[in-house]
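Listing of final-v4.cif, mmCIF, C-alpha atoms
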```cif
data_work
#
loop_
_atom_site.label_atom_id
_atom_site.label_comp_id
_atom_site.auth_asym_id
_atom_site.auth_seq_id
_atom_site.Cartn_x
_atom_site.Cartn_y
_atom_site.Cartn_z
CA MET A 98 -6.08 0.08 5.87
CA SER A 99 -4.16 -1.11 3.03
CA ASP A 100 -0.67 -2.19 2.90
CA GLU A 101 0.33 0.65 1.05
CA PRO A 102 3.47 2.53 2.29
CA HIS A 103 2.04 5.70 1.09
CA THR A 104 -0.98 6.70 3.11
CA GLN A 105 0.59 8.31 6.15
CA ILE A 106 3.56 10.12 4.71
CA GLN A 107 2.89 13.12 6.93
CA GLN A 108 3.97 11.09 9.93
CA ILE A 109 7.53 10.88 8.63
CA GLN A 110 9.34 14.04 9.51
CA LEU A 111 11.64 15.18 6.74
CA PRO A 112 13.41 18.50 6.35
CA SER A 113 10.93 21.09 5.19
CA PRO A 114 11.65 24.14 3.10
CA GLY A 115 13.69 26.58 5.04
CA THR A 116 15.44 24.05 7.27
CA PRO A 117 19.10 23.16 6.89
CA GLY A 118 19.68 20.61 4.17
CA SER A 119 16.54 21.50 2.21
CA LYS A 120 16.10 23.81 -0.72
CA ALA A 121 13.24 26.22 -0.43
CA PRO A 122 12.01 28.31 -3.31
CA THR A 123 13.36 31.83 -3.29
CA LYS A 124 10.70 34.48 -2.91
CA THR A 125 10.96 37.72 -4.85
CA PRO A 126 8.94 40.66 -3.50
CA GLY A 127 5.79 41.19 -5.52
CA ARG A 128 6.06 37.86 -7.27
CA ALA A 129 4.56 34.48 -6.46
CA PRO A 130 7.10 31.76 -5.81
CA SER A 131 7.72 29.60 -8.82
CA ALA A 132 8.27 25.89 -8.88
CA SER A 133 11.84 24.80 -9.35
CA ALA A 134 13.35 21.50 -10.26
CA ASP A 135 15.12 21.39 -6.92
CA PHE A 136 12.05 21.80 -4.74
CA PRO A 137 8.85 22.88 -6.46
CA GLY A 138 6.50 25.00 -4.44
CA PRO A 139 2.69 24.92 -4.62
CA VAL A 140 1.44 24.74 -8.16
CA ALA A 141 1.09 28.11 -9.87
CA GLY A 142 -2.26 28.31 -11.56
CA ALA A 143 -5.64 27.34 -10.16
CA TRP A 144 -6.43 25.10 -13.11
CA LEU A 145 -3.33 23.00 -12.58
CA THR A 146 -4.06 22.73 -8.86
CA ARG A 147 -7.57 21.48 -9.58
CA LEU A 148 -6.22 19.07 -12.18
CA LEU A 149 -3.76 17.66 -9.66
CA VAL A 150 -6.42 17.21 -7.00
CA VAL A 151 -8.71 15.40 -9.43
CA GLY A 152 -5.79 13.33 -10.68
CA LEU A 153 -4.73 12.31 -7.18
CA VAL A 154 -8.25 11.24 -6.24
CA LEU A 155 -8.87 9.28 -9.44
CA ALA A 156 -5.46 7.63 -9.27
CA ALA A 157 -6.01 6.60 -5.65
CA LEU A 158 -9.43 5.15 -6.53
CA ASN A 159 -7.67 2.89 -9.06
CA LEU A 160 -4.94 1.54 -6.80
CA ARG A 161 -6.88 -1.45 -5.37
CA PRO A 162 -9.89 -2.50 -7.51
CA ALA A 163 -7.64 -4.77 -9.61
CA ILE A 164 -7.00 -6.75 -6.42
CA THR A 165 -10.26 -6.66 -4.47
CA SER A 166 -12.51 -7.19 -7.51
CA LEU A 167 -10.58 -10.38 -8.22
CA GLY A 168 -10.99 -11.55 -4.62
CA ALA A 169 -14.77 -11.18 -4.90
CA LEU A 170 -14.86 -13.35 -8.06
CA LEU A 171 -11.97 -15.70 -7.31
CA GLU A 172 -14.13 -18.84 -7.39
CA GLU A 173 -15.60 -17.96 -10.80
CA VAL A 174 -12.14 -17.10 -12.17
CA ARG A 175 -10.72 -20.40 -10.91
CA ASP A 176 -13.55 -22.38 -12.48
CA GLY A 177 -13.45 -20.43 -15.74
CA LEU A 178 -9.69 -20.85 -16.19
CA HIS A 179 -9.54 -24.34 -14.61
CA MET A 180 -7.13 -22.93 -12.08
CA SER A 181 -5.91 -25.04 -9.15
CA GLY A 182 -5.81 -23.72 -5.60
CA SER A 183 -2.03 -23.53 -5.80
CA VAL A 184 -2.14 -21.39 -8.93
CA ALA A 185 -4.79 -19.20 -7.31
CA GLY A 186 -2.33 -18.79 -4.43
CA VAL A 187 0.30 -17.66 -6.92
CA LEU A 188 -2.21 -15.16 -8.31
CA THR A 189 -2.84 -13.64 -4.88
CA SER A 190 0.95 -13.47 -4.29
CA VAL A 191 1.51 -11.40 -7.44
CA PRO A 192 0.57 -7.99 -5.89
CA PRO A 193 3.29 -7.88 -3.20
CA PHE A 194 5.83 -9.30 -5.65
CA CYS A 195 5.06 -6.56 -8.18
CA PHE A 196 5.09 -3.90 -5.47
CA ALA A 197 8.51 -5.04 -4.29
CA LEU A 198 9.93 -5.32 -7.83
CA PHE A 199 8.47 -2.42 -9.78
CA GLY A 200 8.23 0.04 -6.88
CA PHE A 201 12.01 0.41 -6.95
CA ALA A 202 11.91 1.51 -10.58
CA ALA A 203 9.60 4.45 -9.85
CA PRO A 204 12.22 6.88 -8.42
CA ARG A 205 14.58 6.38 -11.35
CA LEU A 206 11.77 6.79 -13.86
CA ALA A 207 10.55 9.92 -12.05
CA ARG A 208 14.01 11.48 -12.17
CA ARG A 209 14.16 10.94 -15.92
CA PHE A 210 10.61 11.66 -17.05
CA GLY A 211 8.93 13.46 -14.14
CA PRO A 212 6.45 11.93 -11.68
CA GLY A 213 3.42 13.18 -13.61
CA ALA A 214 4.44 11.31 -16.75
CA VAL A 215 5.24 8.15 -14.80
CA VAL A 216 1.90 8.20 -12.96
CA CYS A 217 0.16 8.74 -16.31
CA ALA A 218 1.98 5.69 -17.70
CA GLY A 219 1.00 3.78 -14.56
CA MET A 220 -2.67 4.60 -15.11
CA VAL A 221 -2.35 3.47 -18.73
CA ALA A 222 -0.79 0.19 -17.56
CA ILE A 223 -3.64 -0.35 -15.08
CA THR A 224 -6.17 0.27 -17.85
CA ALA A 225 -4.43 -2.10 -20.26
CA GLY A 226 -4.06 -4.84 -17.68
CA LEU A 227 -7.70 -4.64 -16.59
CA LEU A 228 -8.89 -4.68 -20.20
CA ILE A 229 -6.71 -7.59 -21.29
CA ARG A 230 -6.75 -10.00 -18.35
CA PRO A 231 -10.43 -11.11 -18.47
CA PHE A 232 -10.06 -12.04 -22.13
CA ALA A 233 -6.49 -13.39 -22.09
CA GLY A 234 -7.76 -16.92 -22.74
CA GLY A 235 -5.65 -18.83 -20.23
CA THR A 236 -4.03 -18.79 -16.83
CA VAL A 237 -0.64 -17.57 -18.09
CA GLY A 238 -2.18 -14.69 -19.99
CA PHE A 239 -4.37 -13.80 -17.02
CA LEU A 240 -1.33 -13.70 -14.73
CA ALA A 241 0.68 -11.64 -17.23
CA ALA A 242 -2.10 -9.09 -17.69
CA SER A 243 -2.57 -8.89 -13.91
CA ALA A 244 1.15 -8.18 -13.59
CA VAL A 245 0.84 -5.31 -16.09
CA ALA A 246 -1.93 -3.71 -14.04
CA LEU A 247 -0.01 -4.27 -10.82
CA MET A 248 3.11 -2.73 -12.33
CA GLY A 249 1.12 0.43 -12.94
CA ILE A 250 -0.23 0.31 -9.39
CA ALA A 251 3.27 -0.16 -7.97
CA VAL A 252 4.83 2.91 -9.59
CA SER A 253 1.77 5.04 -8.85
CA ASN A 254 1.77 3.86 -5.24
CA VAL A 255 5.28 5.15 -4.74
CA LEU A 256 4.86 8.46 -6.54
CA MET A 257 1.54 9.63 -5.10
CA PRO A 258 3.12 10.97 -1.87
CA VAL A 259 6.03 12.40 -3.85
CA ILE A 260 3.65 14.51 -5.90
CA VAL A 261 1.79 15.60 -2.77
CA LYS A 262 5.05 16.61 -1.11
CA ARG A 263 6.23 18.54 -4.16
CA TYR A 264 3.08 20.36 -5.20
CA PHE A 265 1.37 20.80 -1.84
CA PRO A 266 4.21 21.21 0.68
CA ASP A 267 2.00 23.32 2.95
CA ARG A 268 -0.93 20.87 2.79
CA VAL A 269 0.73 17.48 2.98
CA GLY A 270 -1.57 16.21 5.73
CA THR A 271 -4.75 17.35 4.01
CA MET A 272 -3.84 16.02 0.59
CA THR A 273 -2.46 12.75 1.96
CA GLY A 274 -5.67 12.26 3.91
CA LEU A 275 -7.68 12.98 0.76
CA TYR A 276 -6.00 10.37 -1.39
CA SER A 277 -5.82 7.90 1.54
CA MET A 278 -9.60 8.05 1.86
CA ALA A 279 -9.96 7.70 -1.91
CA LEU A 280 -7.70 4.64 -1.86
CA ALA A 281 -9.71 3.01 0.95
CA LEU A 282 -12.95 3.93 -0.80
CA GLY A 283 -11.83 2.36 -4.08
CA THR A 284 -10.78 -0.76 -2.22
CA ALA A 285 -14.10 -1.11 -0.40
CA VAL A 286 -16.33 -0.22 -3.35
CA ALA A 287 -14.64 -2.75 -5.64
CA ALA A 288 -15.15 -5.46 -3.02
CA ALA A 289 -18.80 -4.51 -2.43
CA VAL A 290 -20.15 -3.93 -5.93
CA THR A 291 -18.18 -6.32 -8.15
CA VAL A 292 -20.53 -9.28 -7.64
CA PRO A 293 -23.85 -7.43 -7.99
CA MET A 294 -22.48 -5.46 -10.93
CA THR A 295 -21.36 -8.71 -12.57
CA GLU A 296 -24.86 -10.16 -12.14
CA ALA A 297 -26.44 -7.00 -13.54
CA LEU A 298 -24.17 -7.16 -16.60
CA GLY A 299 -25.10 -10.75 -17.47
CA GLY A 300 -23.24 -12.86 -14.94
CA SER A 301 -19.91 -13.25 -16.74
CA TRP A 302 -16.88 -12.84 -14.47
CA ARG A 303 -14.95 -11.57 -17.47
CA THR A 304 -17.26 -8.60 -17.81
CA GLY A 305 -17.33 -8.10 -14.04
CA LEU A 306 -13.54 -7.76 -13.93
CA GLY A 307 -13.14 -5.87 -17.21
CA VAL A 308 -15.62 -3.13 -16.31
CA TRP A 309 -13.14 -1.68 -13.81
CA ALA A 310 -11.06 -0.55 -16.79
CA VAL A 311 -13.62 2.22 -17.25
CA LEU A 312 -12.60 3.76 -13.93
CA ALA A 313 -8.96 3.34 -14.92
CA VAL A 314 -9.55 5.25 -18.18
CA LEU A 315 -10.96 8.12 -16.14
CA GLY A 316 -7.80 7.95 -14.03
CA VAL A 317 -5.63 8.49 -17.11
CA LEU A 318 -7.31 11.68 -18.31
CA PRO A 319 -6.14 14.25 -15.70
CA TRP A 320 -2.56 13.02 -15.93
CA LEU A 321 -2.42 13.63 -19.68
CA GLY A 322 -2.32 17.32 -18.85
CA LEU A 323 0.62 16.75 -16.50
CA VAL A 324 2.84 14.61 -18.73
CA ARG A 325 4.82 17.61 -20.00
CA ASP A 326 4.91 19.36 -16.63
CA ARG A 327 8.50 18.75 -15.63
CA GLY A 328 8.17 20.97 -12.58
CA ALA A 329 7.39 17.77 -10.72
CA ALA A 330 10.63 16.16 -11.75
CA ALA A 331 12.73 14.67 -9.05
CA PRO A 332 15.36 16.89 -7.47
CA THR A 333 18.55 17.49 -9.31
CA SER A 334 20.34 18.35 -6.11
CA PRO A 335 23.54 16.58 -5.13
CA PRO A 336 23.34 13.14 -3.56
CA SER A 337 23.90 14.64 -0.13
CA SER A 338 20.43 16.26 -0.18
CA PRO A 339 17.69 14.27 1.47
CA SER A 340 14.92 12.95 -0.71
CA PRO A 341 11.60 14.70 -0.22
CA SER A 342 9.76 11.43 0.30
CA PRO A 343 10.60 8.28 2.21
CA GLU A 344 9.48 6.35 -0.82
CA ILE A 345 12.54 7.52 -2.77
CA PRO A 346 15.62 5.53 -1.88
CA ALA A 347 17.90 8.44 -2.69
CA SER A 348 21.44 8.74 -1.50
CA ALA A 349 21.56 9.83 2.11
CA PRO A 350 23.75 12.38 3.77
CA ALA A 351 26.87 11.36 5.55
CA PRO A 352 25.27 10.75 8.98
CA ALA A 353 22.94 8.13 7.55
CA SER A 354 25.20 6.71 4.86
CA GLY A 355 27.30 4.87 7.41
CA LEU A 356 24.32 3.07 8.95
CA ARG A 357 24.23 -0.63 8.29
CA LEU A 358 20.56 -1.43 8.47
CA GLY A 359 21.19 -5.11 7.94
CA ARG A 360 22.81 -5.14 11.39
CA SER A 361 20.05 -3.19 13.09
CA ARG A 362 17.63 -5.19 15.22
CA THR A 363 15.07 -2.40 14.99
CA ALA A 364 15.29 -2.27 11.18
CA TRP A 365 14.78 -6.02 10.90
CA ALA A 366 11.92 -5.93 13.40
CA LEU A 367 10.23 -3.23 11.34
CA ALA A 368 10.78 -5.19 8.12
CA CYS A 369 9.29 -8.34 9.67
CA PHE A 370 6.35 -6.42 11.14
CA PHE A 371 5.69 -4.70 7.82
CA GLY A 372 5.99 -7.95 5.88
CA LEU A 373 3.73 -9.97 8.17
CA GLN A 374 1.01 -7.32 8.23
CA ALA A 375 1.21 -7.11 4.44
CA THR A 376 0.89 -10.90 4.31
CA GLY A 377 -2.34 -10.67 6.29
CA ALA A 378 -3.65 -7.84 4.11
CA TYR A 379 -3.12 -9.66 0.81
CA ILE A 380 -4.49 -12.93 2.13
CA THR A 381 -7.54 -10.98 3.29
CA MET A 382 -8.06 -9.26 -0.06
CA GLY A 383 -7.49 -12.45 -2.04
CA TRP A 384 -9.12 -15.15 0.09
CA MET A 385 -11.58 -13.76 2.66
CA PRO A 386 -14.58 -13.68 0.26
CA GLN A 387 -13.90 -17.32 -0.60
CA ILE A 388 -13.73 -18.28 3.09
CA PHE A 389 -17.09 -16.60 3.72
CA ARG A 390 -18.58 -18.32 0.67
CA ASP A 391 -17.37 -21.69 1.90
CA ALA A 392 -19.33 -21.00 5.09
CA GLY A 393 -22.54 -20.73 3.07
CA ILE A 394 -22.62 -16.95 2.64
CA SER A 395 -23.65 -15.66 -0.78
CA ALA A 396 -21.08 -14.16 -3.13
CA GLY A 397 -22.63 -10.71 -2.91
CA THR A 398 -22.65 -10.71 0.88
CA ALA A 399 -19.09 -12.03 0.96
CA GLY A 400 -18.03 -9.05 -1.14
CA LEU A 401 -19.81 -6.69 1.25
CA LEU A 402 -18.03 -8.29 4.20
CA LEU A 403 -14.68 -7.70 2.52
CA ALA A 404 -15.76 -4.11 1.87
CA VAL A 405 -16.50 -3.66 5.59
CA THR A 406 -13.04 -4.98 6.42
CA MET A 407 -11.40 -2.61 3.95
CA VAL A 408 -13.40 0.48 4.87
CA MET A 409 -12.28 0.25 8.50
CA GLY A 410 -9.02 1.69 7.27
CA VAL A 411 -10.60 5.06 6.45
CA PRO A 412 -11.10 6.40 9.99
CA LEU A 413 -8.43 4.34 11.71
CA ALA A 414 -5.71 5.45 9.29
CA PHE A 415 -6.07 8.89 10.89
CA VAL A 416 -6.58 7.84 14.50
CA ILE A 417 -3.88 5.18 14.98
CA PRO A 418 -0.84 7.14 13.70
CA ARG A 419 -1.71 10.18 15.80
CA THR A 420 -2.15 8.05 18.89
CA ALA A 421 1.08 6.16 18.21
CA ALA A 422 3.05 9.37 17.67
CA ARG A 423 2.18 10.52 21.20
CA MET A 424 3.51 7.30 22.75
CA LYS A 425 7.16 6.49 23.37
CA ASN A 426 6.49 2.78 22.98
CA GLN A 427 3.98 1.55 20.40
CA GLY A 428 3.97 -2.03 21.68
CA PRO A 429 0.54 -1.76 23.38
CA ILE A 430 -1.09 -0.74 20.08
CA VAL A 431 0.61 -3.66 18.33
CA ILE A 432 -0.79 -6.06 20.94
CA ALA A 433 -4.29 -4.56 20.78
CA LEU A 434 -4.45 -4.85 16.98
CA GLY A 435 -3.07 -8.38 17.11
CA LEU A 436 -5.69 -9.47 19.65
CA CYS A 437 -8.43 -8.12 17.39
CA GLY A 438 -7.03 -10.24 14.57
CA LEU A 439 -6.80 -13.38 16.71
CA SER A 440 -10.42 -12.88 17.83
CA ALA A 441 -11.50 -12.50 14.19
CA TYR A 442 -9.72 -15.69 13.11
CA ALA A 443 -11.11 -17.64 16.05
CA GLY A 444 -14.59 -16.50 15.05
CA LEU A 445 -13.99 -17.43 11.41
CA TYR A 446 -12.84 -20.89 12.47
CA PHE A 447 -15.64 -21.75 14.89
CA ALA A 448 -18.62 -19.69 13.68
CA PRO A 449 -17.83 -18.08 10.31
CA ALA A 450 -21.42 -17.42 9.22
CA GLU A 451 -23.06 -16.63 12.56
CA GLY A 452 -20.76 -13.73 13.45
CA ALA A 453 -19.53 -12.82 9.98
CA TRP A 454 -20.07 -9.06 10.34
CA ALA A 455 -18.28 -8.93 13.69
CA TRP A 456 -15.34 -10.90 12.31
CA ALA A 457 -15.12 -8.55 9.31
CA VAL A 458 -14.96 -5.50 11.60
CA LEU A 459 -12.36 -7.06 13.90
CA LEU A 460 -10.25 -8.11 10.93
CA GLY A 461 -10.46 -4.59 9.51
CA ILE A 462 -9.18 -3.18 12.81
CA SER A 463 -6.34 -5.70 12.88
CA ASN A 464 -5.32 -4.85 9.33
CA CYS A 465 -4.73 -1.25 10.40
CA SER A 466 -1.27 -2.38 11.48
CA PHE A 467 -0.20 -0.87 8.16
CA PRO A 468 -0.44 2.83 9.14
CA LEU A 469 1.08 1.90 12.49
CA ALA A 470 4.08 0.37 10.70
CA LEU A 471 4.56 3.56 8.68
CA THR A 472 4.37 5.68 11.81
CA MET A 473 7.01 3.59 13.56
CA ILE A 474 9.30 3.85 10.54
CA GLY A 475 9.12 7.63 10.90
CA MET A 476 9.88 7.45 14.63
CA ARG A 477 12.80 5.03 14.54
CA SER A 478 15.33 7.42 12.99
CA ARG A 479 16.58 10.82 14.09
CA THR A 480 17.18 12.19 10.57
CA GLY A 481 15.17 12.52 7.41
CA ALA A 482 17.85 10.65 5.47
CA GLY A 483 17.73 7.85 8.01
CA VAL A 484 13.97 7.60 7.55
CA VAL A 485 14.44 7.36 3.77
CA ARG A 486 16.82 4.44 4.15
CA LEU A 487 14.82 2.74 6.88
CA SER A 488 11.59 3.10 4.90
CA ALA A 489 13.14 1.62 1.76
CA PHE A 490 14.70 -1.26 3.74
CA ALA A 491 11.59 -2.10 5.78
CA GLN A 492 9.16 -1.88 2.90
CA SER A 493 11.20 -3.67 0.24
CA THR A 494 12.22 -6.45 2.62
CA GLY A 495 8.70 -6.59 4.03
CA TYR A 496 7.04 -7.04 0.64
CA LEU A 497 9.45 -9.84 -0.16
CA ILE A 498 8.56 -11.50 3.15
CA SER A 499 4.85 -11.22 2.31
CA ILE A 500 5.03 -13.07 -1.00
CA PRO A 501 4.84 -16.73 0.24
CA GLY A 502 1.81 -16.23 2.51
CA PRO A 503 -1.00 -16.09 -0.10
CA LEU A 504 0.70 -18.86 -2.06
CA LEU A 505 0.79 -21.12 1.00
CA VAL A 506 -2.87 -20.41 1.70
CA GLY A 507 -3.68 -21.55 -1.86
CA VAL A 508 -1.73 -24.77 -1.42
CA LEU A 509 -3.43 -25.53 1.90
CA TYR A 510 -6.83 -24.74 0.44
CA GLN A 511 -6.27 -27.09 -2.48
CA HIS A 512 -4.97 -30.01 -0.44
CA THR A 513 -7.45 -29.79 2.43
CA GLY A 514 -10.52 -28.73 0.48
CA GLY A 515 -11.55 -26.26 3.16
CA SER A 516 -10.70 -23.08 5.00
CA GLY A 517 -9.74 -24.50 8.39
CA LEU A 518 -5.98 -24.75 7.88
CA PRO A 519 -5.69 -21.45 5.98
CA ILE A 520 -7.45 -19.66 8.86
CA ALA A 521 -5.16 -21.40 11.37
CA LEU A 522 -2.13 -20.28 9.33
CA MET A 523 -3.31 -16.66 9.30
CA ALA A 524 -3.84 -16.72 13.07
CA THR A 525 -0.41 -18.28 13.60
CA LEU A 526 1.30 -15.58 11.53
CA LEU A 527 -0.15 -12.94 13.83
CA LEU A 528 1.99 -14.21 16.72
CA PRO A 529 5.41 -13.39 15.19
CA GLN A 530 3.87 -10.18 13.84
CA MET A 531 3.03 -9.11 17.38
CA VAL A 532 6.51 -10.03 18.63
CA ALA A 533 8.21 -8.12 15.80
CA GLY A 534 5.91 -5.14 16.36
CA VAL A 535 6.71 -4.98 20.06
CA VAL A 536 10.45 -5.01 19.30
CA ALA A 537 10.02 -2.39 16.57
CA GLY A 538 7.91 -0.23 18.87
CA ARG A 539 10.60 0.27 21.52
CA ASP A 540 11.78 3.83 22.14
CA ARG A 541 15.06 3.70 20.25
CA THR A 542 16.46 4.71 16.88
CA ILE A 543 18.69 3.08 14.33
CA GLU A 544 21.32 5.75 15.06
CA ASP A 545 21.28 4.74 18.75
CA GLU A 546 21.89 1.14 17.77
CA ALA A 547 24.78 2.15 15.50
CA ARG A 548 26.44 4.02 18.39
CA MET A 549 25.94 1.07 20.71
CA ARG A 550 27.76 -1.19 18.25
CA ASP A 551 30.59 1.31 17.92
#
```

Could you express the structure from this file as structure tokens?
Amino acid sequence: MSDEPHTQIQQIQLPSPGTPGSKAPTKTPGRAPSASADFPGPVAGAWLTRLLVVGLVLAALNLRPAITSLGALLEEVRDGLHMSGSVAGVLTSVPPFCFALFGFAAPRLARRFGPGAVVCAGMVAITAGLLIRPFAGGTVGFLAASAVALMGIAVSNVLMPVIVKRYFPDRVGTMTGLYSMALALGTAVAAAVTVPMTEALGGSWRTGLGVWAVLAVLGVLPWLGLVRDRGAAAPTSPPSSPSPSPEIPASAPAPASGLRLGRSRTAWALACFFGLQATGAYITMGWMPQIFRDAGISAGTAGLLLAVTMVMGVPLAFVIPRTAARMKNQGPIVIALGLCGLSAYAGLYFAPAEGAWAWAVLLGISNCSFPLALTMIGMRSRTGAGVVRLSAFAQSTGYLISIPGPLLVGVLYQHTGGSGLPIALMATLLLPQMVAGVVAGRDRTIEDEARMRD
């Protein structure tokens, strides 16, 4: 699970080396293909390959602990900083805001400095943010330091699949699956062990949050060896060449450049579906442990329940996209995932403690709407360039849509003093999500819609 637009990149079909519109490395008899700035092939040198694999795994492990560790200790952080429920809502809205804002800077930075250097800088930012925020001394400083860490996460989020596509073009599925599992594992482990680790280290929430900087430091080390490797730099091909990743909003070829996505019903449906599922994901990561604790469940168990919800994304991130890709209409999957979510919220409302483990599993299944959204983005355009534009539109608009949700949950929590209304809000948001998903799942493309208008 995760709301990350980066875990199922293999589902989006882009021109591969050797197809028209792509630039494949030229092979010379008796010589191994070398990486080029236009389209680097597999990394030459076993040591660099191993370094990249280690770097990808460690980077992915660091892309969520800053968020889920905070969710596990949100009550202690609020008390320690004298933070109101509304401000806590702002805090849980920061991740999607940073992803929407800083994610767009990643392609430009990668073109100038190379993706390896930018990911290295992102890991440094995560480390700095995690080190500074527990000891910032106030709410403003805590928010600012969190934003620094999230800025690093945002640029790394975007560039992970780019690096996979560039360095491992013949193993995109394998490498994407590897870092997807590492991302889900980091998410779940941070949720599960933050509370017991905090207690073992003396009980201070500041130490419990700051200790995750150690993992971030480890994430920096492999990328130091890749900072000067400009073979991973973004393509220098003309604007008419498609970008090698749907995360890069590069200029599209002529057939896609005339598409007006703002007038496409499918594009807007995808943006709304993506945004509403992201809303649910960030509310879950930021508030679910608190909801379980309000029901009388211990802090440690609440963290484990969040870990169960997050870890459901490991197997389902592989199963759901493959199932969806075989179907012309993905609406039935949208409905099935939505019903799981509604069942989970009903259980949380009426019997939060009695069926807590069941609700955590059902919520984890529902939150797997994320890989489904990515799969549908890849299926709703006929061209690679169209997918690039549709992906950028749906994800950027979707993250903006997701920002108010966690904030509103914080306001409701503060003014009602309980979890009833926040749970009702989360269940209500699933209804338009299901409607948008059904519309987005229809067997049509944005090019078809453009022709219909013409």

Within 9 Å of range 513-524 of chain A: each range 374-435 of chain A residue with its shortest pair, all atoms listed in the file, as a Markdown table:
```
| residue | atom | partner | partner_atom | distance |
| --- | --- | --- | --- | --- |
| A:Thr376 | CA | A:Met523 | CA | 8.7 |
| A:Gly377 | CA | A:Met523 | CA | 6.8 |
| A:Ile380 | CA | A:Met523 | CA | 8.2 |
| A:Gln387 | CA | A:Ser516 | CA | 8.6 |
| A:Ile388 | CA | A:Ser516 | CA | 6.0 |
| A:Asp391 | CA | A:Ser516 | CA | 7.5 |
| A:Ala392 | CA | A:Ser516 | CA | 8.9 |
```

Residues in the PyMOL selection byres ((chain A and resi 166) around 7), expressed as a PyMOL selection string | chain A and resi 162-165+167-170+287-288+291+306

Skipping near chain neighbours, those fewer than 6 positions away, what residues fall within 8 Å of Leu358 in chain A using only C-alpha atoms, listed as a ChimeraX atom specification?
-> /A:364-365,487,490,543

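The space between CA of Val216 in chain A and CA of Ser253 in chain A spans 5.2 Å.
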
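Nearest-residue note for Glu544 in chain A: choosing from A:Cys437, A:Ile500, A:Met476, A:Ala222, the minimum distance belongs to A:Met476, counting only C-alpha atoms.
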
Translate the PyMOL selection byres ((chain A and resi 193-195) around 6), as applied to the file shown, into an explicit residue set as a list in words.
->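 When the PyMOL selection byres ((chain A and resi 193-195) around 6) is applied to the shown file, the picked residues are Val191, Pro192, Phe196, Ala197, Leu198, Phe199, Met248, Tyr496 and Ile500 of chain A.
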
Could you name the residues that touch range 224-232 of chain A at 9 Å or less, counting all atoms listed in the file, but leaving out those on the same chain fewer than 4 positions away, as a ChimeraX atom specification?
-> /A:163,174,219-220,238-247,249,302-314,316-317

Kindly provide the residues of range 471-497 of chain A that approach range 415-436 of chain A to within 10 Å, each paired with its closest atom pair and their distance in Å to one decimal, based on all atoms listed in the file, listed by chain and increasing number, as JSON lines.
```
{"residue": "A:Leu471", "atom": "CA", "partner": "A:Pro418", "partner_atom": "CA", "distance": 8.2}
{"residue": "A:Thr472", "atom": "CA", "partner": "A:Pro418", "partner_atom": "CA", "distance": 5.7}
{"residue": "A:Met473", "atom": "CA", "partner": "A:Gln427", "partner_atom": "CA", "distance": 7.8}
{"residue": "A:Gly475", "atom": "CA", "partner": "A:Ala422", "partner_atom": "CA", "distance": 9.3}
{"residue": "A:Met476", "atom": "CA", "partner": "A:Ala422", "partner_atom": "CA", "distance": 7.7}
```

For CA of Arg209 in chain A and CA of Val324 in chain A, determine how far apart the two atoms are, in Å to one decimal place.
-> 12.2 Å

CA of Arg205 in chain A to CA of Pro319 in chain A, straight-line distance in Å | 22.6 Å

Could you tell me which of A:Leu188, A:Leu280, A:Val535, A:Ala214 comes closest to Ala156 in chain A if we count all atoms listed in the file?
->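 Closest to Ala156 in chain A of all the choices is A:Leu280.
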
Applied to this file, what does the PyMOL selection byres ((chain A and resi 491) around 12) return in terms of residues, put as a ChimeraX atom specification?
-> /A:102,197,343-344,346,358-359,361-373,375,470-471,473-475,477,483-490,492-499,537

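Restricting the calculation to all atoms listed in the file, the smallest distance between Gly213 in chain A and any of A:Ala185, A:Met257, A:Ala251, A:Gly177 is found for A:Met257.
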
Counting only C-alpha atoms, the option among A:Met272, A:Leu171, A:Ala157, A:Val458 closest to Val255 in chain A |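 Residue with the minimum atom-to-atom distance to Val255 in chain A: A:Ala157.
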
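The residue that comes closest to Ala289 in chain A, out of A:Ser183, A:Met531, A:Ala404, A:Val237 and on the basis of only C-alpha atoms, is A:Ala404.
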